[in-house]
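Listing of final_28.cif, mmCIF, C-alpha atoms and all ligand atoms
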```
data_start
#
loop_
_atom_site.label_atom_id
_atom_site.label_comp_id
_atom_site.auth_asym_id
_atom_site.auth_seq_id
_atom_site.Cartn_x
_atom_site.Cartn_y
_atom_site.Cartn_z
CA MET X 1 12.14 -2.91 -17.38
CA LYS X 2 14.28 -5.36 -15.40
CA VAL X 3 12.88 -6.22 -11.97
CA LEU X 4 14.79 -8.33 -9.45
CA ILE X 5 12.86 -10.12 -6.70
CA THR X 6 14.54 -11.38 -3.52
CA GLY X 7 13.13 -14.08 -1.22
CA ALA X 8 11.76 -15.94 -4.25
CA ASN X 9 10.74 -18.98 -2.18
CA GLY X 10 8.51 -16.98 0.14
CA GLN X 11 4.79 -16.27 -0.06
CA VAL X 12 5.20 -12.77 -1.45
CA GLY X 13 8.24 -13.69 -3.53
CA LYS X 14 6.40 -16.51 -5.31
CA SER X 15 3.31 -14.36 -5.82
CA LEU X 16 5.41 -11.55 -7.29
CA GLN X 17 6.99 -13.91 -9.80
CA LEU X 18 3.54 -15.00 -10.98
CA ALA X 19 2.24 -11.43 -11.12
CA GLY X 20 5.41 -10.19 -12.82
CA ASN X 21 5.27 -12.86 -15.48
CA ASN X 22 1.92 -11.40 -16.57
CA THR X 23 3.60 -8.08 -17.36
CA ASP X 24 6.02 -6.89 -20.02
CA HIS X 25 8.79 -6.54 -17.47
CA GLN X 26 11.75 -8.92 -17.29
CA ILE X 27 11.54 -10.68 -13.93
CA PHE X 28 14.65 -12.08 -12.22
CA ALA X 29 13.74 -13.95 -9.04
CA PHE X 30 16.38 -15.16 -6.58
CA THR X 31 16.08 -17.52 -3.66
CA ARG X 32 18.23 -17.19 -0.55
CA ASN X 33 21.06 -19.43 -1.89
CA LYS X 34 21.51 -17.23 -4.98
CA PHE X 35 20.86 -13.86 -3.36
CA ASP X 36 21.55 -13.90 0.37
CA LEU X 37 21.09 -10.64 2.26
CA LEU X 38 23.95 -11.83 4.48
CA ASN X 39 26.33 -12.16 1.51
CA LEU X 40 27.35 -8.70 0.33
CA LYS X 41 29.72 -9.94 -2.37
CA GLN X 42 27.08 -12.24 -3.85
CA MET X 43 24.48 -9.45 -3.90
CA GLN X 44 27.02 -7.14 -5.56
CA THR X 45 27.80 -9.69 -8.29
CA VAL X 46 24.15 -10.47 -9.02
CA LEU X 47 23.16 -6.80 -9.17
CA HIS X 48 26.10 -6.15 -11.49
CA ASN X 49 25.18 -9.07 -13.77
CA VAL X 50 21.42 -8.46 -13.88
CA SER X 51 21.54 -4.67 -13.70
CA PRO X 52 17.86 -4.25 -12.71
CA LYS X 53 16.01 -0.93 -12.58
CA ILE X 54 13.99 -2.09 -9.56
CA VAL X 55 14.71 -4.51 -6.71
CA ILE X 56 11.70 -5.79 -4.75
CA ASN X 57 12.97 -7.05 -1.40
CA THR X 58 10.66 -9.61 0.17
CA ALA X 59 13.53 -11.49 1.86
CA ALA X 60 13.43 -11.31 5.63
CA TRP X 61 13.74 -13.17 8.90
CA THR X 62 9.99 -13.79 9.33
CA ASN X 63 9.88 -16.15 12.31
CA VAL X 64 8.24 -13.75 14.76
CA ASP X 65 8.48 -15.99 17.84
CA GLY X 66 11.92 -17.34 16.88
CA ALA X 67 13.28 -13.80 16.66
CA GLU X 68 12.76 -13.34 20.41
CA THR X 69 15.56 -15.83 21.10
CA ASN X 70 17.59 -15.26 17.90
CA ILE X 71 17.95 -11.53 18.18
CA GLU X 72 21.30 -11.17 16.40
CA GLU X 73 20.20 -13.39 13.51
CA ALA X 74 16.94 -11.47 13.01
CA PHE X 75 18.74 -8.10 13.04
CA ALA X 76 21.51 -9.45 10.77
CA VAL X 77 18.96 -10.13 8.01
CA ASN X 78 16.29 -7.52 8.67
CA GLU X 79 18.56 -4.58 9.52
CA LYS X 80 22.13 -5.20 8.32
CA GLY X 81 21.29 -7.25 5.20
CA THR X 82 18.52 -4.85 4.21
CA GLY X 83 20.80 -1.86 4.79
CA ASP X 84 23.57 -3.44 2.68
CA LEU X 85 21.09 -4.06 -0.12
CA ALA X 86 19.91 -0.44 0.07
CA LYS X 87 23.49 0.85 -0.17
CA LEU X 88 24.14 -1.33 -3.23
CA CYS X 89 20.91 -0.06 -4.81
CA ALA X 90 22.02 3.53 -4.13
CA GLN X 91 25.41 2.90 -5.77
CA LYS X 92 23.80 1.40 -8.85
CA ASN X 93 20.87 3.83 -9.14
CA ILE X 94 18.35 1.02 -8.54
CA ILE X 95 14.94 1.76 -7.01
CA LEU X 96 14.31 -0.42 -3.95
CA ILE X 97 10.77 -1.53 -3.10
CA HIS X 98 10.96 -3.04 0.38
CA ILE X 99 8.27 -5.01 2.24
CA SER X 100 7.81 -4.11 5.89
CA THR X 101 5.22 -4.92 8.50
CA ASP X 102 2.37 -3.87 10.79
CA TYR X 103 4.58 -5.11 13.65
CA VAL X 104 6.43 -1.78 13.60
CA TYR X 105 3.37 -0.37 15.43
CA ASP X 106 2.63 -1.21 19.04
CA GLY X 107 -0.98 -2.14 18.30
CA THR X 108 -2.47 -0.09 21.12
CA SER X 109 -4.29 2.51 19.01
CA LYS X 110 -8.08 2.32 18.76
CA SER X 111 -7.96 3.67 15.20
CA GLN X 112 -6.27 2.52 12.00
CA TRP X 113 -2.50 2.95 11.70
CA ASN X 114 -1.23 5.32 9.07
CA GLU X 115 2.23 6.32 7.91
CA THR X 116 2.42 9.37 10.18
CA GLU X 117 1.77 7.32 13.32
CA LYS X 118 4.80 6.75 15.54
CA ALA X 119 6.30 3.30 15.06
CA LYS X 120 6.91 1.63 18.41
CA PRO X 121 7.49 -2.10 17.91
CA GLN X 122 6.85 -4.47 20.80
CA THR X 123 8.79 -7.48 19.50
CA VAL X 124 12.32 -8.28 18.32
CA TYR X 125 10.92 -9.01 14.84
CA GLY X 126 9.14 -5.63 14.77
CA ARG X 127 12.23 -3.79 16.04
CA SER X 128 14.46 -5.52 13.47
CA LYS X 129 12.06 -4.65 10.64
CA LEU X 130 11.86 -1.01 11.79
CA ALA X 131 15.68 -0.93 11.97
CA GLY X 132 15.69 -2.22 8.37
CA GLU X 133 13.36 0.61 7.32
CA GLN X 134 15.71 3.07 9.02
CA ALA X 135 18.77 1.56 7.32
CA ILE X 136 17.06 2.10 3.95
CA LYS X 137 16.18 5.68 4.88
CA ASN X 138 19.78 6.29 5.98
CA SER X 139 21.00 5.17 2.55
CA SER X 140 20.64 7.42 -0.44
CA ALA X 141 18.65 4.76 -2.33
CA SER X 142 15.49 5.80 -4.11
CA HIS X 143 12.97 3.66 -2.25
CA LEU X 144 9.41 2.77 -1.38
CA ILE X 145 8.74 0.97 1.90
CA LEU X 146 5.43 -0.95 1.95
CA ARG X 147 4.06 -2.01 5.33
CA THR X 148 1.74 -4.96 4.95
CA ALA X 149 0.04 -7.37 7.38
CA TRP X 150 -1.46 -10.82 7.99
CA VAL X 151 -0.19 -12.32 4.71
CA TYR X 152 -1.73 -15.59 3.50
CA SER X 153 -1.53 -17.61 0.30
CA ALA X 154 -1.49 -21.13 -1.07
CA PHE X 155 2.29 -21.14 -0.49
CA GLY X 156 4.30 -21.84 2.65
CA THR X 157 2.94 -21.66 6.17
CA ASN X 158 0.29 -19.15 7.13
CA PHE X 159 -2.88 -18.78 9.21
CA LEU X 160 -5.30 -19.94 6.50
CA LYS X 161 -3.33 -23.11 5.79
CA THR X 162 -2.92 -23.81 9.51
CA MET X 163 -6.70 -23.53 9.97
CA LEU X 164 -7.36 -25.97 7.10
CA ARG X 165 -4.80 -28.41 8.52
CA LEU X 166 -6.27 -28.24 12.03
CA ALA X 167 -9.80 -28.69 10.68
CA LYS X 168 -8.77 -32.10 9.34
CA GLU X 169 -7.81 -33.12 12.89
CA ARG X 170 -10.40 -31.38 15.10
CA ASP X 171 -14.08 -30.40 15.14
CA GLU X 172 -13.47 -27.27 17.21
CA ILE X 173 -10.59 -24.80 17.08
CA SER X 174 -9.92 -22.02 19.61
CA VAL X 175 -8.87 -18.77 17.96
CA VAL X 176 -8.17 -15.36 19.49
CA CYS X 177 -10.88 -12.78 18.96
CA ASP X 178 -9.27 -9.68 20.52
CA GLN X 179 -6.58 -9.02 17.90
CA ILE X 180 -7.75 -7.33 14.73
CA GLY X 181 -6.02 -6.74 11.42
CA CYS X 182 -6.27 -6.72 7.64
CA PRO X 183 -5.67 -10.16 6.10
CA THR X 184 -3.70 -9.72 2.89
CA TYR X 185 -3.75 -12.29 0.10
CA ALA X 186 -0.16 -12.43 -1.19
CA PRO X 187 -1.17 -12.53 -4.90
CA HIS X 188 -3.31 -9.39 -4.35
CA LEU X 189 -0.33 -7.68 -2.71
CA ALA X 190 1.87 -8.78 -5.61
CA THR X 191 -0.56 -7.36 -8.17
CA GLY X 192 -0.64 -4.08 -6.23
CA ILE X 193 3.17 -3.95 -6.18
CA MET X 194 3.27 -4.60 -9.93
CA GLN X 195 0.89 -1.63 -10.42
CA ILE X 196 3.47 0.47 -8.58
CA VAL X 197 6.21 -0.95 -10.82
CA GLN X 198 4.12 0.14 -13.84
CA ALA X 199 3.85 3.64 -12.40
CA ILE X 200 7.61 3.80 -11.80
CA ASP X 201 8.21 2.60 -15.35
CA LYS X 202 6.39 5.71 -16.59
CA LYS X 203 8.69 7.99 -14.52
CA PRO X 204 11.94 6.03 -14.18
CA GLN X 205 14.04 9.09 -13.31
CA GLN X 206 11.86 10.15 -10.37
CA GLN X 207 13.37 9.85 -6.88
CA TYR X 208 11.24 8.01 -4.32
CA ARG X 209 11.73 8.20 -0.55
CA GLU X 210 8.36 7.21 0.88
CA THR X 211 6.68 4.77 3.26
CA PHE X 212 3.17 3.39 2.72
CA CYS X 213 0.72 1.00 4.34
CA LEU X 214 -0.61 -1.60 1.88
CA ALA X 215 -2.86 -4.43 3.09
CA GLY X 216 -6.05 -6.22 2.09
CA THR X 217 -9.37 -4.37 2.35
CA GLY X 218 -11.53 -5.18 5.38
CA GLN X 219 -10.69 -5.65 9.04
CA VAL X 220 -11.41 -8.68 11.18
CA SER X 221 -10.21 -10.60 14.24
CA TRP X 222 -8.30 -13.87 13.85
CA ALA X 223 -11.44 -15.69 15.02
CA GLY X 224 -13.58 -13.84 12.48
CA PHE X 225 -11.06 -14.61 9.76
CA ALA X 226 -11.10 -18.31 10.72
CA LYS X 227 -14.93 -18.37 10.61
CA GLU X 228 -14.92 -16.87 7.12
CA ILE X 229 -12.28 -19.37 5.97
CA PHE X 230 -14.40 -22.29 7.22
CA GLN X 231 -17.65 -20.87 5.84
CA GLN X 232 -16.10 -20.71 2.38
CA SER X 233 -14.20 -23.97 2.78
CA SER X 234 -17.31 -25.92 3.82
CA LYS X 235 -19.16 -24.54 0.77
CA CYS X 236 -16.57 -26.24 -1.44
CA LYS X 237 -16.85 -29.40 0.68
CA GLN X 238 -13.39 -28.96 2.16
CA PRO X 239 -12.26 -29.10 5.83
CA SER X 240 -14.24 -26.97 8.25
CA ALA X 241 -14.44 -26.64 12.05
CA LYS X 242 -16.36 -24.74 14.70
CA VAL X 243 -14.40 -21.67 15.85
CA LEU X 244 -14.31 -21.02 19.60
CA SER X 245 -13.43 -17.38 20.32
CA ILE X 246 -10.81 -16.95 23.02
CA ALA X 247 -8.84 -14.03 24.48
CA SER X 248 -5.15 -13.48 23.69
CA SER X 249 -4.43 -14.12 27.36
CA ASP X 250 -5.67 -17.69 26.81
CA TYR X 251 -3.23 -18.20 23.91
CA PRO X 252 0.17 -16.93 25.09
CA THR X 253 2.86 -16.59 22.40
CA THR X 254 6.60 -15.96 22.80
CA ALA X 255 6.31 -12.65 20.95
CA LYS X 256 3.43 -10.39 21.95
CA ARG X 257 1.03 -9.78 19.06
CA PRO X 258 -0.38 -6.28 18.40
CA GLN X 259 -4.04 -5.93 19.50
CA ASN X 260 -4.87 -3.63 16.62
CA SER X 261 -2.95 -4.07 13.36
CA VAL X 262 -5.48 -2.42 11.08
CA LEU X 263 -3.65 -0.36 8.45
CA ASP X 264 -4.99 2.79 6.79
CA CYS X 265 -4.08 2.34 3.13
CA ASN X 266 -5.47 5.63 1.78
CA LEU X 267 -2.11 7.23 1.06
CA ILE X 268 -0.96 4.61 -1.43
CA TYR X 269 -4.35 4.81 -3.13
CA LYS X 270 -3.97 8.59 -3.47
CA LYS X 271 -0.38 8.33 -4.70
CA PHE X 272 -0.51 5.26 -6.96
CA GLY X 273 -4.23 4.38 -7.28
CA VAL X 274 -3.49 1.03 -5.63
CA THR X 275 -6.08 -0.64 -3.43
CA LEU X 276 -6.16 -4.37 -2.62
CA PRO X 277 -9.34 -6.50 -2.82
CA HIS X 278 -11.29 -7.57 0.28
CA TYR X 279 -9.88 -10.46 2.31
CA ASN X 280 -13.05 -12.50 1.59
CA GLN X 281 -12.20 -12.45 -2.08
CA GLY X 282 -8.64 -13.47 -1.19
CA ILE X 283 -9.95 -16.46 0.79
CA ALA X 284 -12.06 -17.56 -2.20
CA GLU X 285 -9.13 -17.29 -4.61
CA CYS X 286 -6.77 -18.96 -2.17
CA LEU X 287 -9.12 -21.93 -1.58
CA GLN X 288 -9.56 -22.26 -5.31
CA GLY X 289 -5.77 -22.29 -5.70
CA ILE X 290 -5.36 -24.96 -3.04
CA TYR X 291 -8.24 -27.28 -3.97
CA SER X 292 -8.58 -27.01 -7.75
N1 LIG U 1 3.77 -13.17 6.47
C1 LIG U 1 3.19 -12.10 7.00
O1 LIG U 1 2.12 -12.21 7.62
C2 LIG U 1 3.81 -10.74 6.86
C3 LIG U 1 3.16 -9.66 7.43
C4 LIG U 1 3.71 -8.39 7.29
C5 LIG U 1 4.90 -8.21 6.60
N2 LIG U 1 5.53 -9.29 6.07
C6 LIG U 1 6.80 -9.08 5.35
O2 LIG U 1 6.59 -9.46 4.01
C7 LIG U 1 7.79 -9.97 3.46
C8 LIG U 1 7.52 -11.32 2.81
O3 LIG U 1 6.92 -12.17 3.77
P1 LIG U 1 6.52 -13.66 3.40
O4 LIG U 1 5.27 -13.95 4.12
O5 LIG U 1 6.60 -13.87 1.93
O6 LIG U 1 7.69 -14.42 4.14
P2 LIG U 1 8.26 -15.87 3.89
O7 LIG U 1 7.27 -16.71 3.19
O8 LIG U 1 8.80 -16.31 5.20
O9 LIG U 1 9.47 -15.60 2.88
C9 LIG U 1 10.62 -14.93 3.29
C10 LIG U 1 11.73 -15.38 2.39
O10 LIG U 1 12.93 -14.71 2.80
C11 LIG U 1 13.98 -15.62 2.61
N3 LIG U 1 15.14 -15.26 3.42
C12 LIG U 1 15.33 -15.39 4.74
N4 LIG U 1 16.56 -14.99 5.08
C13 LIG U 1 17.16 -14.58 3.93
C14 LIG U 1 18.43 -14.06 3.61
N5 LIG U 1 19.38 -13.90 4.53
N6 LIG U 1 18.70 -13.74 2.33
C15 LIG U 1 17.78 -13.94 1.36
N7 LIG U 1 16.57 -14.45 1.59
C16 LIG U 1 16.26 -14.76 2.86
C17 LIG U 1 13.44 -16.97 3.01
O11 LIG U 1 14.23 -17.95 2.39
P3 LIG U 1 14.07 -19.52 2.70
O12 LIG U 1 12.87 -19.93 1.88
O13 LIG U 1 15.34 -20.09 2.21
O14 LIG U 1 13.85 -19.65 4.17
C18 LIG U 1 12.01 -16.90 2.49
O15 LIG U 1 11.89 -17.48 1.21
C19 LIG U 1 8.80 -10.00 4.61
O16 LIG U 1 9.60 -8.85 4.52
C20 LIG U 1 7.95 -9.93 5.85
O17 LIG U 1 8.63 -9.30 6.91
C21 LIG U 1 5.00 -10.56 6.17
#
```

Structure encoded using C-alpha cells:
Amino acid sequence: MKVLITGANGQVGKSLQLAGNNTDHQIFAFTRNKFDLLNLKQMQTVLHNVSPKIVINTAAWTNVDGAETNIEEAFAVNEKGTGDLAKLCAQKNIILIHISTDYVYDGTSKSQWNETEKAKPQTVYGRSKLAGEQAIKNSSASHLILRTAWVYSAFGTNFLKTMLRLAKERDEISVVCDQIGCPTYAPHLATGIMQIVQAIDKKPQQQYRETFCLAGTGQVSWAGFAKEIFQQSSKCKQPSAKVLSIASSDYPTTAKRPQNSVLDCNLIYKKFGVTLPHYNQGIAECLQGIYS
C-alpha cells in the first residue's frame, strides 16, 4: 500500500519513515518544501502523482510559545492547511491519519483525558490544533485523529535533548514538578501508527471517522521525567545533573502549559490493539540512539 508522510523533517515524520521502511508498504515522505500545507496546488499535484491510499499528516506549526504571537500563521497551517489536505484526501478517497495533541484539553482534570472529554484548549497552539481536528471532521475524508503528547526522540529539539544539553553546562537544573503527562518516544508512536496502517490495509474499503488518544505508557511530571533521563544517562556515563523540583509559577512560559496532560489510551488498544511502551524504555532507546 502507498503511504504518504508529511512533515518528513520532524520528529514524528522521521520516525515514521524509519518505521515504514521496515514494512512492505511503499513510503513517500515529503518535507515542507515539497509538500507545504499552505500550498494547495502543490499538495494537489503530489497527491495526484503519488496516489497514496493513506496520508499521515505530522506537519504542523509546533512552536507552542511562538503561536501566542503568530496567531494567524499557526491557524493557517494547523487549521486551514490541515482542512485543505483533508478536502483533497476526501476527493481522492485517501484515508487521512492526522496527529493532534494533548493541548486540546485544558489540563484541569484530576483524572486521565479520554476521547469523550470536552476539548477546551488554553493556548493558541491548542486552539489551532483543535480547529484542525474540526476541519478534518467537517470534510468527508475517511480519517483517524491521534492525540499524542510530550514527544521526544533523537531528532530535532525536545525536552530530553534539552536536558542533556543543559547537563553539560550545569550541575543543577530546575524543572517543574506540578505538570504531569505521558512522555512519548517518537519511534514508539511511529511503530504504533504503522500497526494501524497494517490494520487499515486489511480493510481498505472501511470508512474511518474517529479520534483517539495515543501516548507512551506511564505518567510522570517533567521533573520526574528529567530525573529518569539523568539516572539512565549517568549509567551510560553521559551528561547528568541534579534535578531541583520547582512549581510552574516559578517557570513562567508565554503559553500556559496544561497541569494534567495524562491521556487514557484504552480506546485505541480496544480498537486496534495498539499500546505504546513505557517512557522509561523510550529513554533507554533514545539514549542508545544518541550515544551509540
Ligand atoms: N512534539 C510534541 O511534544 C507533540 C506533542 C503532541 C502532539 N504533537 C503533534 O505531533 C505532530 C508532529 O510533531 P513533531 O514533534 O514531529 O513536530 P516537529 O518536529 O516540529 O515537526 C513538524 C514538521 O512540520 C513541518 N511543517 C511546518 N509547517 C509546515 C507546512 N506549512 N507544511 C508542511 N510542513 C510543515 C516542519 O517543517 P520544517 O522542518 O521545515 O520546519 C516540521 O518538519 C504535530 O502535529 C504536533 O502538533 C507534538

Tell me, as number ranges by chain, which residues lie within 12 Å of His278 in chain X, counting all atoms listed in the file; anything in the same chain fewer than 3 positions away does not count.
X: 182-185, 188-189, 215-220, 225, 275, 281-285

Would you mind telling me which residue in X:Cys213, X:Ile56, X:Ile27, X:Ala241 lies nearest to Tyr103 in chain X when using all atoms listed in the file?
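The answer is X:Cys213, which sits nearest to Tyr103 in chain X.
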
Dump the neighbourhood of ligand LIG 1 (chain U) as JSON, numbers by chain: all residues within 9 Å, distances computed on all atoms listed in the file.
{"X": [6, 7, 8, 9, 10, 11, 12, 13, 14, 15, 30, 31, 32, 33, 34, 35, 36, 37, 38, 39, 57, 58, 59, 60, 61, 62, 63, 74, 76, 77, 78, 81, 98, 99, 100, 101, 102, 103, 125, 126, 129, 146, 147, 148, 149, 150, 151, 152, 153, 155, 156, 157, 158, 159, 183, 184, 186, 215]}

Counting all atoms listed in the file, the option among X:Leu276, X:Thr253, X:Val46, X:Ala90 closest to Met194 in chain X
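Looking at the shortest contact to Met194 in chain X, the residue is X:Leu276.
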
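Here CA of Leu40 in chain X stands at a distance of 18.7 Å from CA of Gln134 in chain X.
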
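For the atom pair formed by CA of Val3 in chain X and CA of Gln288 in chain X, the distance is 28.4 Å, given to one decimal.
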
When you count only C-alpha atoms, which of these residues is closest to Lys235 in chain X: X:Gln26, X:Val50, X:Lys92, X:Leu287?
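For Lys235 in chain X, the nearest of the given residues is X:Leu287.
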
Between CA of Lys237 in chain X and CA of Cys286 in chain X, what distance in Å does the model show, to one decimal?
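Here the two named atoms are 14.8 Å from each other.
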
Find, counting only C-alpha atoms, the residue in X:Gly20, X:Gln206, X:Leu214, X:Ser233 that gets nearest to Lys270 in chain X.
X:Leu214

Extract, using all atoms listed in the file, all DNA, RNA and protein residues at most 12 Å from range 138-143 of chain X, discarding same-chain residues fewer than 2 positions from it, and format them as a PDB file with C-alpha atoms, in the coordinates of the input.
```
ATOM      1  CA  LYS X  53      16.010  -0.930 -12.580  1.00  0.00           C
ATOM      2  CA  ILE X  54      13.990  -2.090  -9.560  1.00  0.00           C
ATOM      3  CA  VAL X  55      14.710  -4.510  -6.710  1.00  0.00           C
ATOM      4  CA  ILE X  56      11.700  -5.790  -4.750  1.00  0.00           C
ATOM      5  CA  ASN X  57      12.970  -7.050  -1.400  1.00  0.00           C
ATOM      6  CA  GLU X  79      18.560  -4.580   9.520  1.00  0.00           C
ATOM      7  CA  LYS X  80      22.130  -5.200   8.320  1.00  0.00           C
ATOM      8  CA  THR X  82      18.520  -4.850   4.210  1.00  0.00           C
ATOM      9  CA  GLY X  83      20.800  -1.860   4.790  1.00  0.00           C
ATOM     10  CA  ASP X  84      23.570  -3.440   2.680  1.00  0.00           C
ATOM     11  CA  LEU X  85      21.090  -4.060  -0.120  1.00  0.00           C
ATOM     12  CA  ALA X  86      19.910  -0.440   0.070  1.00  0.00           C
ATOM     13  CA  LYS X  87      23.490   0.850  -0.170  1.00  0.00           C
ATOM     14  CA  LEU X  88      24.140  -1.330  -3.230  1.00  0.00           C
ATOM     15  CA  CYS X  89      20.910  -0.060  -4.810  1.00  0.00           C
ATOM     16  CA  ALA X  90      22.020   3.530  -4.130  1.00  0.00           C
ATOM     17  CA  GLN X  91      25.410   2.900  -5.770  1.00  0.00           C
ATOM     18  CA  LYS X  92      23.800   1.400  -8.850  1.00  0.00           C
ATOM     19  CA  ASN X  93      20.870   3.830  -9.140  1.00  0.00           C
ATOM     20  CA  ILE X  94      18.350   1.020  -8.540  1.00  0.00           C
ATOM     21  CA  ILE X  95      14.940   1.760  -7.010  1.00  0.00           C
ATOM     22  CA  LEU X  96      14.310  -0.420  -3.950  1.00  0.00           C
ATOM     23  CA  ILE X  97      10.770  -1.530  -3.100  1.00  0.00           C
ATOM     24  CA  HIS X  98      10.960  -3.040   0.380  1.00  0.00           C
ATOM     25  CA  ILE X  99       8.270  -5.010   2.240  1.00  0.00           C
ATOM     26  CA  ALA X 131      15.680  -0.930  11.970  1.00  0.00           C
ATOM     27  CA  GLY X 132      15.690  -2.220   8.370  1.00  0.00           C
ATOM     28  CA  GLU X 133      13.360   0.610   7.320  1.00  0.00           C
ATOM     29  CA  GLN X 134      15.710   3.070   9.020  1.00  0.00           C
ATOM     30  CA  ALA X 135      18.770   1.560   7.320  1.00  0.00           C
ATOM     31  CA  ILE X 136      17.060   2.100   3.950  1.00  0.00           C
ATOM     32  CA  ILE X 145       8.740   0.970   1.900  1.00  0.00           C
ATOM     33  CA  LEU X 146       5.430  -0.950   1.950  1.00  0.00           C
ATOM     34  CA  ILE X 196       3.470   0.470  -8.580  1.00  0.00           C
ATOM     35  CA  VAL X 197       6.210  -0.950 -10.820  1.00  0.00           C
ATOM     36  CA  ILE X 200       7.610   3.800 -11.800  1.00  0.00           C
ATOM     37  CA  PRO X 204      11.940   6.030 -14.180  1.00  0.00           C
ATOM     38  CA  GLN X 205      14.040   9.090 -13.310  1.00  0.00           C
ATOM     39  CA  GLN X 206      11.860  10.150 -10.370  1.00  0.00           C
ATOM     40  CA  GLN X 207      13.370   9.850  -6.880  1.00  0.00           C
ATOM     41  CA  TYR X 208      11.240   8.010  -4.320  1.00  0.00           C
ATOM     42  CA  ARG X 209      11.730   8.200  -0.550  1.00  0.00           C
ATOM     43  CA  GLU X 210       8.360   7.210   0.880  1.00  0.00           C
ATOM     44  CA  THR X 211       6.680   4.770   3.260  1.00  0.00           C
ATOM     45  CA  PHE X 212       3.170   3.390   2.720  1.00  0.00           C
TER      46      PHE X 212
END
```

Go through X:Ser240, X:Asn280, X:Thr45, X:Thr254 one by one, measure the shortest atom-to-atom distance of each to Leu166 in chain X using all atoms listed in the file, and give the residue with the smallest value.
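Among X:Ser240, X:Asn280, X:Thr45, X:Thr254, it is X:Ser240 that comes nearest to Leu166 in chain X.
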
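Considering only C-alpha atoms, the residue among X:Val274, X:Cys177, X:Leu263, X:Cys236 positioned nearest to Ser249 in chain X is X:Cys177.
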